[in-house]
Amino acid sequence: MKVRTLLTCAMAAIAIAGCKKTETQGTVVSNDTVTITEATPPPGGTWADVTNKTAAGFMMGNPKAKVKLIEIGALTCPHCREFDETGVPELINKYVKSGQVSWEFRPYLLNGLDVPANLIASCNGVKSFFPLARALYKDQPVWIGKIQAVPKDQLEQAQNLPPNQQFVELAKLAGLQDWAAARGVAQPKSDQCLRDEKTVDQLVQQNSDIANQYPDFKGTPSFIINGKMFSPEGGSPLWDQLKAAMNEALG
């Protein structure tokens, strides 16, 4: 497993609520592949009902949209939660539903708690990823508050568990399994997902891929529009600037 340092700093990183990138090293891997299982909206639906798996995350919307927006986000990041509240509703309703923009979410691990959060969000498959991820943002203060209240020695005990038990225990400490069960992810299923070492290693590798593929990446949330890193300026709200950049790309 490649996650020991992430788990070790889980409590400290969450306590300061930082969204800066972690230092990672690795080989650059192309993350542009989309496994298209849905190519058109369902009858009576919109492009927002179309979700596909990508090599590095999940995409909502028209795979052939003129503007391809990538968000690099962390489920423990308060700034990402703020974007989900202030920007995502209009992003979906105005841009994704119409097929003009596709929105890909690429998970980034700021600390150990991001691992079980992402495993829970993806546990029921592609169709439920966005609803679960957005629900995790909505309830972020609750489950992060629970982990912050855990004594340090208990977190250290979780760190010392065998790899296939670490994230089950961390999820329990954060109340994520009960949270997931209330939203359609039964505990036996979440147990299985939280023990999936292959997926955990893929998530950790994606951190390295992001840092290497996008040298200008500074932290979460970050955005790429049609392959180019979007760099907001101070003063205006993030969503207003991002919306203006998408409108310009749409012409």
# chains A, B, ... in the order shown; residues from 1 in each chain; ligands from 1
>>> residues_around(residues="stretch 165-178 of chain A", least_positions_apart="2", cutoff="8 Å", atoms="only C-alpha atoms", output="number ranges by chain")
A: 113, 115-117, 120, 143-147, 150, 155, 158-163, 180-182, 187, 190-191, 194-195
>>> residues_around(residues="A:Met229", least_positions_apart="5", cutoff="12 Å", atoms="only C-alpha atoms", output="list in words")
Lys68, Leu69, Ile70, Glu71, Ile72, Ile210, Gln213, Tyr214, Pro215, Asp216, Phe217, Lys218, Pro221, Ser222, Phe223, Ile224, Leu242 and Ala245 of chain A
>>> residues_around(residues="A:Pro131", least_positions_apart="4", cutoff="10 Å", atoms="only C-alpha atoms", output="PDB file with C-alpha atoms, in the first residue's frame")
ATOM      1  CA  ALA A 121     -18.748   7.652  -3.263  1.00  0.00           C
ATOM      2  CA  LYS A 127     -24.538   6.260 -11.792  1.00  0.00           C
ATOM      3  CA  ALA A 135     -24.132  14.448  -0.493  1.00  0.00           C
ATOM      4  CA  LEU A 136     -20.716  13.973   1.118  1.00  0.00           C
ATOM      5  CA  ARG A 183     -28.167   6.251   1.140  1.00  0.00           C
TER       6      ARG A 183
END
>>> residues_around(residues="A:Ser98", least_positions_apart="2", cutoff="9 Å", atoms="only C-alpha atoms", output="PDB file with N, CA and C atoms, in the first residue's frame")
ATOM      1  N   THR A  46     -31.998  14.456 -19.645  1.00  0.00           N
ATOM      2  CA  THR A  46     -31.072  15.451 -20.178  1.00  0.00           C
ATOM      3  C   THR A  46     -29.664  14.872 -20.130  1.00  0.00           C
ATOM      4  N   TRP A  47     -28.713  15.653 -20.638  1.00  0.00           N
ATOM      5  CA  TRP A  47     -27.328  15.207 -20.599  1.00  0.00           C
ATOM      6  C   TRP A  47     -26.816  15.064 -19.167  1.00  0.00           C
ATOM      7  N   ALA A  48     -27.450  15.702 -18.208  1.00  0.00           N
ATOM      8  CA  ALA A  48     -27.032  15.557 -16.813  1.00  0.00           C
ATOM      9  C   ALA A  48     -27.332  14.163 -16.276  1.00  0.00           C
ATOM     10  N   GLY A  61     -22.438  14.271 -18.340  1.00  0.00           N
ATOM     11  CA  GLY A  61     -22.752  15.074 -19.508  1.00  0.00           C
ATOM     12  C   GLY A  61     -22.327  14.455 -20.824  1.00  0.00           C
ATOM     13  N   ASN A  62     -22.398  15.281 -21.851  1.00  0.00           N
ATOM     14  CA  ASN A  62     -22.121  14.876 -23.221  1.00  0.00           C
ATOM     15  C   ASN A  62     -20.631  14.599 -23.419  1.00  0.00           C
ATOM     16  N   ILE A  92     -24.596  22.467 -13.656  1.00  0.00           N
ATOM     17  CA  ILE A  92     -25.406  21.358 -14.152  1.00  0.00           C
ATOM     18  C   ILE A  92     -26.609  21.859 -14.938  1.00  0.00           C
ATOM     19  N   ASN A  93     -27.363  22.771 -14.350  1.00  0.00           N
ATOM     20  CA  ASN A  93     -28.642  23.180 -14.945  1.00  0.00           C
ATOM     21  C   ASN A  93     -28.481  23.965 -16.246  1.00  0.00           C
ATOM     22  N   LYS A  94     -27.471  24.797 -16.331  1.00  0.00           N
ATOM     23  CA  LYS A  94     -27.315  25.654 -17.502  1.00  0.00           C
ATOM     24  C   LYS A  94     -26.383  25.071 -18.561  1.00  0.00           C
ATOM     25  N   TYR A  95     -25.335  24.394 -18.127  1.00  0.00           N
ATOM     26  CA  TYR A  95     -24.284  23.995 -19.067  1.00  0.00           C
ATOM     27  C   TYR A  95     -24.250  22.496 -19.360  1.00  0.00           C
ATOM     28  N   VAL A  96     -24.386  21.670 -18.326  1.00  0.00           N
ATOM     29  CA  VAL A  96     -24.287  20.225 -18.544  1.00  0.00           C
ATOM     30  C   VAL A  96     -25.560  19.668 -19.156  1.00  0.00           C
ATOM     31  N   GLN A 100     -23.699  21.293 -23.694  1.00  0.00           N
ATOM     32  CA  GLN A 100     -22.612  22.188 -24.107  1.00  0.00           C
ATOM     33  C   GLN A 100     -21.303  21.882 -23.375  1.00  0.00           C
ATOM     34  N   VAL A 101     -21.428  21.455 -22.127  1.00  0.00           N
ATOM     35  CA  VAL A 101     -20.256  21.239 -21.277  1.00  0.00           C
ATOM     36  C   VAL A 101     -20.341  19.858 -20.633  1.00  0.00           C
TER      37      VAL A 101
END
>>> select_by_dssp(residues="stretch 30-241 of chain A", states="strand (DSSP E or B)", output="PyMOL selection string")
chain A and resi 34-35+51-54+58-60+67-73+101-107+219+222-225+228-230
>>> closest_residue(among="A:Phe83, A:Asn118, A:Met59, A:Ala65", to="A:Asp196", atoms="only C-alpha atoms")
A:Asn118
>>> residues_around(residues="A:Thr33", least_positions_apart="2", cutoff="12 Å", atoms="only C-alpha atoms", output="VMD selection string")
chain A and resid 29 to 31 35 to 36 52 to 59 63 104
>>> write_last_selection(atoms="N, CA and C atoms", output="PDB file, in the first residue's frame")
ATOM      1  N   VAL A  29       0.836   9.588 -16.431  1.00  0.00           N
ATOM      2  CA  VAL A  29      -0.068   8.652 -17.092  1.00  0.00           C
ATOM      3  C   VAL A  29      -1.172   9.450 -17.756  1.00  0.00           C
ATOM      4  N   SER A  30      -1.534   9.074 -18.978  1.00  0.00           N
ATOM      5  CA  SER A  30      -2.613   9.781 -19.655  1.00  0.00           C
ATOM      6  C   SER A  30      -3.927   9.509 -18.952  1.00  0.00           C
ATOM      7  N   ASN A  31      -4.664  10.573 -18.660  1.00  0.00           N
ATOM      8  CA  ASN A  31      -5.932  10.449 -17.949  1.00  0.00           C
ATOM      9  C   ASN A  31      -7.105  10.874 -18.814  1.00  0.00           C
ATOM     10  N   THR A  35     -14.476   5.728 -20.749  1.00  0.00           N
ATOM     11  CA  THR A  35     -15.176   4.489 -21.074  1.00  0.00           C
ATOM     12  C   THR A  35     -16.645   4.834 -21.270  1.00  0.00           C
ATOM     13  N   ILE A  36     -17.060   4.988 -22.514  1.00  0.00           N
ATOM     14  CA  ILE A  36     -18.411   5.466 -22.801  1.00  0.00           C
ATOM     15  C   ILE A  36     -19.395   4.304 -22.746  1.00  0.00           C
ATOM     16  N   ASN A  52     -20.336   8.712 -17.187  1.00  0.00           N
ATOM     17  CA  ASN A  52     -19.386   7.736 -17.699  1.00  0.00           C
ATOM     18  C   ASN A  52     -18.142   7.720 -16.819  1.00  0.00           C
ATOM     19  N   LYS A  53     -17.439   6.592 -16.823  1.00  0.00           N
ATOM     20  CA  LYS A  53     -16.179   6.467 -16.085  1.00  0.00           C
ATOM     21  C   LYS A  53     -15.044   6.936 -16.982  1.00  0.00           C
ATOM     22  N   THR A  54     -14.141   7.712 -16.404  1.00  0.00           N
ATOM     23  CA  THR A  54     -12.935   8.111 -17.115  1.00  0.00           C
ATOM     24  C   THR A  54     -11.748   7.384 -16.495  1.00  0.00           C
ATOM     25  N   ALA A  55     -10.580   7.551 -17.103  1.00  0.00           N
ATOM     26  CA  ALA A  55      -9.394   6.887 -16.576  1.00  0.00           C
ATOM     27  C   ALA A  55      -9.016   7.405 -15.201  1.00  0.00           C
ATOM     28  N   ALA A  56      -9.478   8.623 -14.868  1.00  0.00           N
ATOM     29  CA  ALA A  56      -9.057   9.240 -13.607  1.00  0.00           C
ATOM     30  C   ALA A  56     -10.212   9.754 -12.769  1.00  0.00           C
ATOM     31  N   GLY A  57     -11.449   9.441 -13.152  1.00  0.00           N
ATOM     32  CA  GLY A  57     -12.568   9.960 -12.381  1.00  0.00           C
ATOM     33  C   GLY A  57     -13.904   9.595 -12.989  1.00  0.00           C
ATOM     34  N   PHE A  58     -14.842  10.535 -12.935  1.00  0.00           N
ATOM     35  CA  PHE A  58     -16.199  10.320 -13.415  1.00  0.00           C
ATOM     36  C   PHE A  58     -16.657  11.552 -14.180  1.00  0.00           C
ATOM     37  N   MET A  59     -17.371  11.314 -15.293  1.00  0.00           N
ATOM     38  CA  MET A  59     -17.827  12.415 -16.144  1.00  0.00           C
ATOM     39  C   MET A  59     -19.345  12.439 -16.199  1.00  0.00           C
ATOM     40  N   PRO A  63     -20.251  13.347 -23.689  1.00  0.00           N
ATOM     41  CA  PRO A  63     -18.826  13.048 -23.877  1.00  0.00           C
ATOM     42  C   PRO A  63     -18.201  13.823 -25.035  1.00  0.00           C
ATOM     43  N   GLU A 104     -16.100  16.600 -15.617  1.00  0.00           N
ATOM     44  CA  GLU A 104     -15.401  15.442 -15.070  1.00  0.00           C
ATOM     45  C   GLU A 104     -14.841  15.790 -13.698  1.00  0.00           C
TER      46      GLU A 104
END
>>> atom_distance(atom1="atom CA of A:Glu85", atom2="atom CA of A:Thr40")
27.1 Å
>>> atom_distance(atom1="atom CA of A:Met246", atom2="atom CA of A:Arg134")
21.7 Å
>>> residues_around(residues="A:Lys243", least_positions_apart="2", cutoff="12 Å", atoms="only C-alpha atoms", output="VMD selection string")
chain A and resid 67 69 86 to 88 90 to 92 94 to 95 101 223 225 230 232 236 to 241 245 to 250
>>> write_last_selection(atoms="N, CA and C atoms", output="PDB file, in the first residue's frame")
ATOM      1  N   VAL A  67     -17.126  22.026 -24.754  1.00  0.00           N
ATOM      2  CA  VAL A  67     -16.262  22.395 -23.637  1.00  0.00           C
ATOM      3  C   VAL A  67     -16.186  21.235 -22.652  1.00  0.00           C
ATOM      4  N   LEU A  69     -14.876  20.335 -19.105  1.00  0.00           N
ATOM      5  CA  LEU A  69     -14.422  20.891 -17.834  1.00  0.00           C
ATOM      6  C   LEU A  69     -13.996  19.755 -16.921  1.00  0.00           C
ATOM      7  N   THR A  86     -22.069  26.702  -4.455  1.00  0.00           N
ATOM      8  CA  THR A  86     -22.286  27.970  -5.163  1.00  0.00           C
ATOM      9  C   THR A  86     -22.219  27.853  -6.680  1.00  0.00           C
ATOM     10  N   GLY A  87     -21.491  26.876  -7.188  1.00  0.00           N
ATOM     11  CA  GLY A  87     -21.296  26.793  -8.627  1.00  0.00           C
ATOM     12  C   GLY A  87     -21.931  25.606  -9.315  1.00  0.00           C
ATOM     13  N   VAL A  88     -21.928  24.456  -8.649  1.00  0.00           N
ATOM     14  CA  VAL A  88     -22.362  23.229  -9.309  1.00  0.00           C
ATOM     15  C   VAL A  88     -23.830  23.258  -9.738  1.00  0.00           C
ATOM     16  N   GLU A  90     -25.707  25.664 -10.958  1.00  0.00           N
ATOM     17  CA  GLU A  90     -25.819  26.339 -12.250  1.00  0.00           C
ATOM     18  C   GLU A  90     -25.005  25.628 -13.319  1.00  0.00           C
ATOM     19  N   LEU A  91     -23.860  25.089 -12.935  1.00  0.00           N
ATOM     20  CA  LEU A  91     -23.053  24.317 -13.888  1.00  0.00           C
ATOM     21  C   LEU A  91     -23.884  23.197 -14.499  1.00  0.00           C
ATOM     22  N   ILE A  92     -24.596  22.467 -13.656  1.00  0.00           N
ATOM     23  CA  ILE A  92     -25.406  21.358 -14.152  1.00  0.00           C
ATOM     24  C   ILE A  92     -26.609  21.859 -14.938  1.00  0.00           C
ATOM     25  N   LYS A  94     -27.471  24.797 -16.331  1.00  0.00           N
ATOM     26  CA  LYS A  94     -27.315  25.654 -17.502  1.00  0.00           C
ATOM     27  C   LYS A  94     -26.383  25.071 -18.561  1.00  0.00           C
ATOM     28  N   TYR A  95     -25.335  24.394 -18.127  1.00  0.00           N
ATOM     29  CA  TYR A  95     -24.284  23.995 -19.067  1.00  0.00           C
ATOM     30  C   TYR A  95     -24.250  22.496 -19.360  1.00  0.00           C
ATOM     31  N   VAL A 101     -21.428  21.455 -22.127  1.00  0.00           N
ATOM     32  CA  VAL A 101     -20.256  21.239 -21.277  1.00  0.00           C
ATOM     33  C   VAL A 101     -20.341  19.858 -20.633  1.00  0.00           C
ATOM     34  N   PHE A 223      -9.275  23.583 -11.880  1.00  0.00           N
ATOM     35  CA  PHE A 223     -10.105  23.319 -13.050  1.00  0.00           C
ATOM     36  C   PHE A 223      -9.276  23.369 -14.318  1.00  0.00           C
ATOM     37  N   ILE A 225      -9.975  23.552 -18.499  1.00  0.00           N
ATOM     38  CA  ILE A 225     -10.971  23.775 -19.552  1.00  0.00           C
ATOM     39  C   ILE A 225     -10.341  23.426 -20.885  1.00  0.00           C
ATOM     40  N   PHE A 230      -7.176  26.369 -15.744  1.00  0.00           N
ATOM     41  CA  PHE A 230      -7.853  27.636 -15.510  1.00  0.00           C
ATOM     42  C   PHE A 230      -7.231  28.299 -14.285  1.00  0.00           C
ATOM     43  N   PRO A 232      -7.820  31.350 -11.837  1.00  0.00           N
ATOM     44  CA  PRO A 232      -8.661  32.472 -11.392  1.00  0.00           C
ATOM     45  C   PRO A 232      -7.826  33.604 -10.820  1.00  0.00           C
ATOM     46  N   SER A 236     -12.973  38.574  -7.843  1.00  0.00           N
ATOM     47  CA  SER A 236     -14.287  38.037  -8.218  1.00  0.00           C
ATOM     48  C   SER A 236     -14.463  36.623  -7.671  1.00  0.00           C
ATOM     49  N   PRO A 237     -15.712  36.219  -7.391  1.00  0.00           N
ATOM     50  CA  PRO A 237     -15.958  34.852  -6.944  1.00  0.00           C
ATOM     51  C   PRO A 237     -15.479  33.830  -7.975  1.00  0.00           C
ATOM     52  N   LEU A 238     -15.025  32.685  -7.483  1.00  0.00           N
ATOM     53  CA  LEU A 238     -14.486  31.640  -8.361  1.00  0.00           C
ATOM     54  C   LEU A 238     -15.479  31.243  -9.441  1.00  0.00           C
ATOM     55  N   TRP A 239     -16.751  30.996  -9.057  1.00  0.00           N
ATOM     56  CA  TRP A 239     -17.728  30.516 -10.039  1.00  0.00           C
ATOM     57  C   TRP A 239     -17.957  31.549 -11.130  1.00  0.00           C
ATOM     58  N   ASP A 240     -18.003  32.825 -10.805  1.00  0.00           N
ATOM     59  CA  ASP A 240     -18.199  33.854 -11.815  1.00  0.00           C
ATOM     60  C   ASP A 240     -17.060  33.832 -12.840  1.00  0.00           C
ATOM     61  N   GLN A 241     -15.844  33.664 -12.372  1.00  0.00           N
ATOM     62  CA  GLN A 241     -14.692  33.631 -13.285  1.00  0.00           C
ATOM     63  C   GLN A 241     -14.696  32.355 -14.128  1.00  0.00           C
ATOM     64  N   ALA A 245     -15.048  31.993 -18.238  1.00  0.00           N
ATOM     65  CA  ALA A 245     -14.073  31.253 -19.039  1.00  0.00           C
ATOM     66  C   ALA A 245     -14.771  30.185 -19.887  1.00  0.00           C
ATOM     67  N   MET A 246     -15.792  29.529 -19.340  1.00  0.00           N
ATOM     68  CA  MET A 246     -16.537  28.544 -20.128  1.00  0.00           C
ATOM     69  C   MET A 246     -17.315  29.221 -21.241  1.00  0.00           C
ATOM     70  N   ASN A 247     -17.929  30.358 -20.950  1.00  0.00           N
ATOM     71  CA  ASN A 247     -18.665  31.090 -21.983  1.00  0.00           C
ATOM     72  C   ASN A 247     -17.741  31.499 -23.128  1.00  0.00           C
ATOM     73  N   GLU A 248     -16.539  31.908 -22.780  1.00  0.00           N
ATOM     74  CA  GLU A 248     -15.568  32.280 -23.820  1.00  0.00           C
ATOM     75  C   GLU A 248     -15.197  31.062 -24.660  1.00  0.00           C
ATOM     76  N   ALA A 249     -15.019  29.920 -24.009  1.00  0.00           N
ATOM     77  CA  ALA A 249     -14.676  28.695 -24.748  1.00  0.00           C
ATOM     78  C   ALA A 249     -15.837  28.239 -25.625  1.00  0.00           C
ATOM     79  N   LEU A 250     -17.064  28.520 -25.188  1.00  0.00           N
ATOM     80  CA  LEU A 250     -18.229  28.162 -25.991  1.00  0.00           C
ATOM     81  C   LEU A 250     -18.428  29.095 -27.176  1.00  0.00           C
TER      82      LEU A 250
END
>>> decode(residues="stretch 106-210 of chain A", atoms="C-alpha atoms", output="short mmCIF file (atom, residue, chain, number, x, y, z; two decimals), in the first residue's frame")
data_model
loop_
_atom_site.label_atom_id
_atom_site.label_comp_id
_atom_site.auth_asym_id
_atom_site.auth_seq_id
_atom_site.Cartn_x
_atom_site.Cartn_y
_atom_site.Cartn_z
CA ARG A 106 -11.05 13.80 -10.67
CA PRO A 107 -10.56 12.82 -7.01
CA TYR A 108 -7.52 14.16 -5.19
CA LEU A 109 -6.32 12.90 -1.81
CA LEU A 110 -5.42 15.64 0.63
CA ASN A 111 -5.21 13.20 3.54
CA GLY A 112 -6.19 9.72 4.66
CA LEU A 113 -9.87 10.48 5.12
CA ASP A 114 -10.25 11.30 1.42
CA VAL A 115 -9.56 7.62 0.68
CA PRO A 116 -12.61 6.07 2.40
CA ALA A 117 -14.77 9.02 1.31
CA ASN A 118 -13.93 8.34 -2.35
CA LEU A 119 -14.33 4.58 -1.92
CA ILE A 120 -17.82 5.17 -0.50
CA ALA A 121 -18.75 7.65 -3.26
CA SER A 122 -17.82 5.18 -6.01
CA CYS A 123 -19.02 2.03 -4.24
CA ASN A 124 -22.40 1.71 -5.99
CA GLY A 125 -21.01 2.37 -9.45
CA VAL A 126 -20.89 5.16 -11.99
CA LYS A 127 -24.54 6.26 -11.79
CA SER A 128 -24.47 6.99 -8.07
CA PHE A 129 -21.05 8.67 -7.88
CA PHE A 130 -22.16 12.28 -8.34
CA PRO A 131 -25.20 12.05 -6.02
CA LEU A 132 -23.09 10.45 -3.29
CA ALA A 133 -20.13 12.81 -3.74
CA ARG A 134 -22.40 15.85 -3.57
CA ALA A 135 -24.13 14.45 -0.49
CA LEU A 136 -20.72 13.97 1.12
CA TYR A 137 -19.96 17.64 0.46
CA LYS A 138 -23.28 18.67 1.97
CA ASP A 139 -22.61 16.65 5.14
CA GLN A 140 -18.86 17.32 5.18
CA PRO A 141 -18.86 19.19 8.53
CA VAL A 142 -20.57 16.23 10.20
CA TRP A 143 -18.27 13.37 9.18
CA ILE A 144 -15.12 15.46 9.38
CA GLY A 145 -16.24 16.66 12.81
CA LYS A 146 -16.52 13.06 13.95
CA ILE A 147 -12.99 12.21 12.86
CA GLN A 148 -11.64 15.36 14.48
CA ALA A 149 -13.16 14.23 17.75
CA VAL A 150 -11.39 10.85 17.66
CA PRO A 151 -8.44 10.60 20.07
CA LYS A 152 -5.07 10.56 18.37
CA ASP A 153 -4.22 7.11 19.69
CA GLN A 154 -7.28 5.63 17.98
CA LEU A 155 -6.17 7.07 14.63
CA GLU A 156 -2.74 5.61 15.21
CA GLN A 157 -4.32 2.23 15.91
CA ALA A 158 -6.17 2.46 12.59
CA GLN A 159 -2.89 3.25 10.86
CA ASN A 160 -1.31 0.09 12.27
CA LEU A 161 -4.06 -2.22 11.06
CA PRO A 162 -3.46 -4.47 8.03
CA PRO A 163 -3.98 -2.58 4.74
CA ASN A 164 -7.36 -4.18 4.00
CA GLN A 165 -8.72 -3.05 7.39
CA GLN A 166 -7.35 0.49 7.68
CA PHE A 167 -10.03 2.28 5.71
CA VAL A 168 -12.89 0.23 7.08
CA GLU A 169 -11.89 1.42 10.55
CA LEU A 170 -11.35 5.02 9.45
CA ALA A 171 -14.78 5.04 7.78
CA LYS A 172 -16.36 3.72 10.97
CA LEU A 173 -14.67 6.42 13.05
CA ALA A 174 -16.07 9.06 10.69
CA GLY A 175 -19.52 7.45 10.65
CA LEU A 176 -19.29 6.97 6.88
CA GLN A 177 -20.61 3.42 6.78
CA ASP A 178 -23.82 4.31 8.60
CA TRP A 179 -24.07 7.42 6.40
CA ALA A 180 -23.66 5.28 3.28
CA ALA A 181 -26.15 2.65 4.45
CA ALA A 182 -28.79 5.36 4.80
CA ARG A 183 -28.17 6.25 1.14
CA GLY A 184 -28.36 2.83 -0.43
CA VAL A 185 -24.86 1.43 0.12
CA ALA A 186 -25.35 -1.55 2.39
CA GLN A 187 -22.62 -2.19 4.96
CA PRO A 188 -21.44 -5.50 3.40
CA LYS A 189 -21.01 -3.62 0.11
CA SER A 190 -19.17 -0.70 1.71
CA ASP A 191 -16.95 -3.17 3.61
CA GLN A 192 -15.98 -4.71 0.28
CA CYS A 193 -15.26 -1.35 -1.30
CA LEU A 194 -13.23 -0.10 1.67
CA ARG A 195 -11.04 -3.22 1.50
CA ASP A 196 -10.30 -2.80 -2.21
CA GLU A 197 -6.53 -2.27 -2.16
CA LYS A 198 -6.32 -2.06 -5.95
CA THR A 199 -8.67 0.93 -6.07
CA VAL A 200 -6.83 2.58 -3.16
CA ASP A 201 -3.53 2.29 -5.01
CA GLN A 202 -5.16 3.75 -8.13
CA LEU A 203 -6.40 6.74 -6.14
CA VAL A 204 -2.93 7.34 -4.72
CA GLN A 205 -1.35 7.00 -8.17
CA GLN A 206 -3.78 9.60 -9.50
CA ASN A 207 -2.31 12.14 -7.09
CA SER A 208 1.06 11.65 -8.73
CA ASP A 209 -0.45 11.76 -12.20
CA ILE A 210 -2.22 15.06 -11.50
#
